[in-house]
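This report refers to the structure that appears directly beneath it.
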Amino acid sequence: MSFLLKYCREHGVRRLLELGTAEASTSIALAKELPELHIDTVERDPQMIEKAKKNIAEAGLEDRIRLFEEDIAVFDGEGNYDLIFVDAGKAHNDDYFRMFRDRLTENGAFFFDNMVFHNMIYDPDAIENRSTRQMVRKIVRFRREITCEEGFTTAFYDKIGDGILIVSRRNEHES
C-alpha cells in the first residue's frame, strides 16, 4: 500500500480504476490518504459487493469511490484513468491489459499485483496442483510478453509485496 500511495502522489494520480474490489479496503485506504483521488472499482461477487458497499459508506467515501457491480468483461466506465490497479484474476492479466489499455491517460499506467505469486513463478513445474500451475504459467508468460508491448515500458518490483509490475504508457516524446 505504501508503494502504491507513493506512486500516486509522485505521478499526480487523480482518476484510478481498480479491477477487483473485494471489500474495498485498497480503495478506501487510497481515498483517505489522497483527497483529490476519484476511484471507479469493479466487482462481480455479490458477497464482496455488499461488504464493499458497507465499508465505503462507513468511511463516508461514496462521493469519491464508485462501485460498479458487474463483471470486468462488460465494464465500460466513464473517461480515462491515470492508473489502473489490477487486483483481479491473475490468469487474465493480459485480457485486462488489452481491454483497458486505451483507457489510460497520456502518462497513465497499470499496476499488476501478485506477480511473483508466492515465489511460484520461479519454478512452475514444481507446483503439484494443475490449475495453480497453469495460472502461474500464464503469469510468467504475461510478464515476459508485456515487456515487448509497443508504446509501453515495464518495471518489475519483485521484492515489494508479492511482486508488482508497472506497465506505463510511453510518452510520445520519449525516444
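Quick note on naming: the chains in the C-alpha cells go A, B, ... in the order shown, residues restart at 1 in each chain, and ligands are numbered from 1 in order of appearance.
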Checklist entry - Hey, what's within 12 Å of Thr26 (chain A) if we count only C-alpha atoms and toss same-chain stuff fewer than 5 positions away? As a list of chain:residue names, please? => result A:Met1, A:Ser2, A:Leu4, A:Leu5, A:Leu16, A:Leu17, A:Glu18, A:Leu19, A:Gly20, A:Thr21, A:Ala31, A:Lys32, A:Glu33, A:Ile39, A:Asp40, A:Thr41, A:Ala52, A:Asn55, A:Ile56, A:Ile65, A:Phe85, A:Val86, A:Asp87
Dump of N, CA and C atoms for the selected residues, as a PDB file, in the first residue's frame:
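selection_17.pdb, freshly written:
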```
ATOM      1  N   MET A   1       0.821  -1.191   0.000  1.00  0.00           N
ATOM      2  CA  MET A   1       0.000   0.000   0.000  1.00  0.00           C
ATOM      3  C   MET A   1       0.865   1.254   0.000  1.00  0.00           C
ATOM      4  N   SER A   2       1.938   1.252   0.774  1.00  0.00           N
ATOM      5  CA  SER A   2       2.787   2.449   0.824  1.00  0.00           C
ATOM      6  C   SER A   2       3.422   2.726  -0.543  1.00  0.00           C
ATOM      7  N   LEU A   4       2.124   1.950  -3.484  1.00  0.00           N
ATOM      8  CA  LEU A   4       1.045   2.441  -4.331  1.00  0.00           C
ATOM      9  C   LEU A   4       0.722   3.904  -4.004  1.00  0.00           C
ATOM     10  N   LEU A   5       0.650   4.228  -2.733  1.00  0.00           N
ATOM     11  CA  LEU A   5       0.410   5.613  -2.318  1.00  0.00           C
ATOM     12  C   LEU A   5       1.516   6.542  -2.815  1.00  0.00           C
ATOM     13  N   LEU A  16      -8.505   6.756 -10.793  1.00  0.00           N
ATOM     14  CA  LEU A  16      -7.980   5.402 -10.670  1.00  0.00           C
ATOM     15  C   LEU A  16      -9.104   4.405 -10.937  1.00  0.00           C
ATOM     16  N   LEU A  17      -8.782   3.370 -11.671  1.00  0.00           N
ATOM     17  CA  LEU A  17      -9.692   2.252 -11.883  1.00  0.00           C
ATOM     18  C   LEU A  17      -9.105   1.048 -11.172  1.00  0.00           C
ATOM     19  N   GLU A  18      -9.911   0.448 -10.308  1.00  0.00           N
ATOM     20  CA  GLU A  18      -9.495  -0.767  -9.617  1.00  0.00           C
ATOM     21  C   GLU A  18     -10.322  -1.929 -10.157  1.00  0.00           C
ATOM     22  N   LEU A  19      -9.638  -2.924 -10.675  1.00  0.00           N
ATOM     23  CA  LEU A  19     -10.297  -4.123 -11.179  1.00  0.00           C
ATOM     24  C   LEU A  19     -10.203  -5.199 -10.105  1.00  0.00           C
ATOM     25  N   GLY A  20     -11.307  -5.450  -9.449  1.00  0.00           N
ATOM     26  CA  GLY A  20     -11.336  -6.386  -8.329  1.00  0.00           C
ATOM     27  C   GLY A  20     -11.424  -5.620  -7.025  1.00  0.00           C
ATOM     28  N   THR A  21     -12.627  -5.333  -6.571  1.00  0.00           N
ATOM     29  CA  THR A  21     -12.857  -4.501  -5.392  1.00  0.00           C
ATOM     30  C   THR A  21     -12.633  -5.258  -4.096  1.00  0.00           C
ATOM     31  N   ALA A  31      -8.237   6.540  -0.982  1.00  0.00           N
ATOM     32  CA  ALA A  31      -9.084   7.734  -0.947  1.00  0.00           C
ATOM     33  C   ALA A  31      -8.879   8.541   0.337  1.00  0.00           C
ATOM     34  N   LYS A  32      -8.661   7.863   1.446  1.00  0.00           N
ATOM     35  CA  LYS A  32      -8.429   8.567   2.717  1.00  0.00           C
ATOM     36  C   LYS A  32      -7.126   9.357   2.690  1.00  0.00           C
ATOM     37  N   GLU A  33      -6.114   8.818   2.049  1.00  0.00           N
ATOM     38  CA  GLU A  33      -4.798   9.456   2.009  1.00  0.00           C
ATOM     39  C   GLU A  33      -4.649  10.483   0.895  1.00  0.00           C
ATOM     40  N   ILE A  39     -12.107   7.217  -7.560  1.00  0.00           N
ATOM     41  CA  ILE A  39     -11.884   5.811  -7.884  1.00  0.00           C
ATOM     42  C   ILE A  39     -13.154   5.181  -8.444  1.00  0.00           C
ATOM     43  N   ASP A  40     -12.998   4.475  -9.561  1.00  0.00           N
ATOM     44  CA  ASP A  40     -14.014   3.560 -10.054  1.00  0.00           C
ATOM     45  C   ASP A  40     -13.488   2.172  -9.741  1.00  0.00           C
ATOM     46  N   THR A  41     -14.317   1.336  -9.154  1.00  0.00           N
ATOM     47  CA  THR A  41     -13.888  -0.001  -8.793  1.00  0.00           C
ATOM     48  C   THR A  41     -14.953  -1.005  -9.222  1.00  0.00           C
ATOM     49  N   ALA A  52     -18.264  -4.356   0.378  1.00  0.00           N
ATOM     50  CA  ALA A  52     -17.640  -3.134  -0.147  1.00  0.00           C
ATOM     51  C   ALA A  52     -18.563  -1.936   0.029  1.00  0.00           C
ATOM     52  N   ASN A  55     -18.526  -0.911   3.645  1.00  0.00           N
ATOM     53  CA  ASN A  55     -17.262  -0.292   4.044  1.00  0.00           C
ATOM     54  C   ASN A  55     -17.090   1.105   3.457  1.00  0.00           C
ATOM     55  N   ILE A  56     -17.481   1.279   2.200  1.00  0.00           N
ATOM     56  CA  ILE A  56     -17.367   2.597   1.558  1.00  0.00           C
ATOM     57  C   ILE A  56     -18.288   3.590   2.258  1.00  0.00           C
ATOM     58  N   ILE A  65     -15.662   7.156  -4.360  1.00  0.00           N
ATOM     59  CA  ILE A  65     -15.461   5.764  -4.778  1.00  0.00           C
ATOM     60  C   ILE A  65     -16.769   5.276  -5.384  1.00  0.00           C
ATOM     61  N   PHE A  85      -5.392  -0.237 -11.444  1.00  0.00           N
ATOM     62  CA  PHE A  85      -4.863  -1.195 -10.478  1.00  0.00           C
ATOM     63  C   PHE A  85      -5.582  -2.522 -10.674  1.00  0.00           C
ATOM     64  N   VAL A  86      -4.842  -3.538 -11.089  1.00  0.00           N
ATOM     65  CA  VAL A  86      -5.427  -4.840 -11.387  1.00  0.00           C
ATOM     66  C   VAL A  86      -5.208  -5.760 -10.191  1.00  0.00           C
ATOM     67  N   ASP A  87      -6.319  -6.015  -9.495  1.00  0.00           N
ATOM     68  CA  ASP A  87      -6.298  -6.883  -8.326  1.00  0.00           C
ATOM     69  C   ASP A  87      -7.355  -7.976  -8.511  1.00  0.00           C
TER      70      ASP A  87
END
```
Item to check | DSSP strand (DSSP E) residues within region 46-92 of chain A, listed as a PyMOL selection string | outcome: chain A and resi 65-69+81-86
Write out, as a PDB file, in the first residue's frame, the residues just selected, with C-alpha atoms.
```pdb
ATOM      1  CA  ILE A  65     -15.461   5.764  -4.778  1.00  0.00           C
ATOM      2  CA  ARG A  66     -17.907   4.450  -7.370  1.00  0.00           C
ATOM      3  CA  LEU A  67     -18.565   0.732  -7.138  1.00  0.00           C
ATOM      4  CA  PHE A  68     -19.624  -0.944 -10.367  1.00  0.00           C
ATOM      5  CA  GLU A  69     -21.448  -4.199  -9.718  1.00  0.00           C
ATOM      6  CA  TYR A  81      -7.675   6.792 -15.913  1.00  0.00           C
ATOM      7  CA  ASP A  82      -4.267   7.842 -14.639  1.00  0.00           C
ATOM      8  CA  LEU A  83      -3.802   4.452 -13.003  1.00  0.00           C
ATOM      9  CA  ILE A  84      -5.443   1.067 -13.463  1.00  0.00           C
ATOM     10  CA  PHE A  85      -4.863  -1.195 -10.478  1.00  0.00           C
ATOM     11  CA  VAL A  86      -5.427  -4.840 -11.387  1.00  0.00           C
TER      12      VAL A  86
END
```
Checklist entry - A:Phe75, A:Met120, A:Glu58, A:Arg133: which is nearest Arg44 (chain A), counting only C-alpha atoms? => result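 Distance minimum relative to Arg44 (chain A) lands on A:Phe75.
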Item to check | Contacts of region 100-114 of chain A within 10 Å, only C-alpha atoms, excl. fewer than 5 positions in-chain, as a PyMOL selection string | outcome: chain A and resi 4+11+13+15-19+75-88+90+93+95+119+139+152-158+160-172
Checklist entry - So how far away is CA of Ala91 (chain A) from CA of Arg137 (chain A), in Å? => result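 So the two atoms, CA of Arg137 (chain A) and CA of Ala91 (chain A), lie 8.6 Å apart.
Residue nearest Ser27 (chain A) within the list A:Arg143, A:His92, A:Arg64, A:Arg9: A:Arg64 [criterion: smallest interatomic distance, only C-alpha atoms].
For region 120-157 of chain A, a DSSP pass over the backbone yields alpha helix (DSSP H) at Arg130, Ser131, Thr132, Arg133, Gln134, Met135, Val136, Arg137, Lys138, Ile139, Val140, Arg141, Phe142, Arg143, Arg144, Glu145 and Ile146 of chain A.
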Given the selection you just returned, output its residues as a file containing C-alpha atoms, formatted as a compact mmCIF listing (two decimals), in the first residue's frame.
```txt
# COMPACT_ATOMS: atom_id res chain seq x y z
CA ARG A 130 -2.64 -28.46 -12.08
CA SER A 131 -4.86 -25.34 -12.13
CA THR A 132 -2.40 -23.37 -9.99
CA ARG A 133 0.46 -24.46 -12.26
CA GLN A 134 -1.48 -23.29 -15.34
CA MET A 135 -2.28 -19.94 -13.74
CA VAL A 136 1.34 -19.40 -12.71
CA ARG A 137 2.48 -20.21 -16.24
CA LYS A 138 0.08 -17.54 -17.53
CA ILE A 139 1.61 -15.03 -15.13
CA VAL A 140 5.12 -15.97 -16.31
CA ARG A 141 4.06 -15.65 -19.95
CA PHE A 142 2.38 -12.28 -19.28
CA ARG A 143 5.48 -10.95 -17.53
CA ARG A 144 7.62 -11.98 -20.48
CA GLU A 145 5.33 -10.78 -23.26
CA ILE A 146 4.32 -7.44 -21.75
```
Next on the checklist: Just checking: using only C-alpha atoms, which residue out of A:Asp125, A:Lys159, A:Met99, A:Ala24 ends up closest to Ala57 (chain A)?
Outcome noted: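 Ranked by minimum distance to Ala57 (chain A), first place goes to A:Ala24.
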Checklist entry - Quick one: distance from CA of Leu34 (chain A) to CA of Gly12 (chain A) in Å, one decimal? => result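 So the two atoms, CA of Leu34 (chain A) and CA of Gly12 (chain A), lie 9.8 Å apart.
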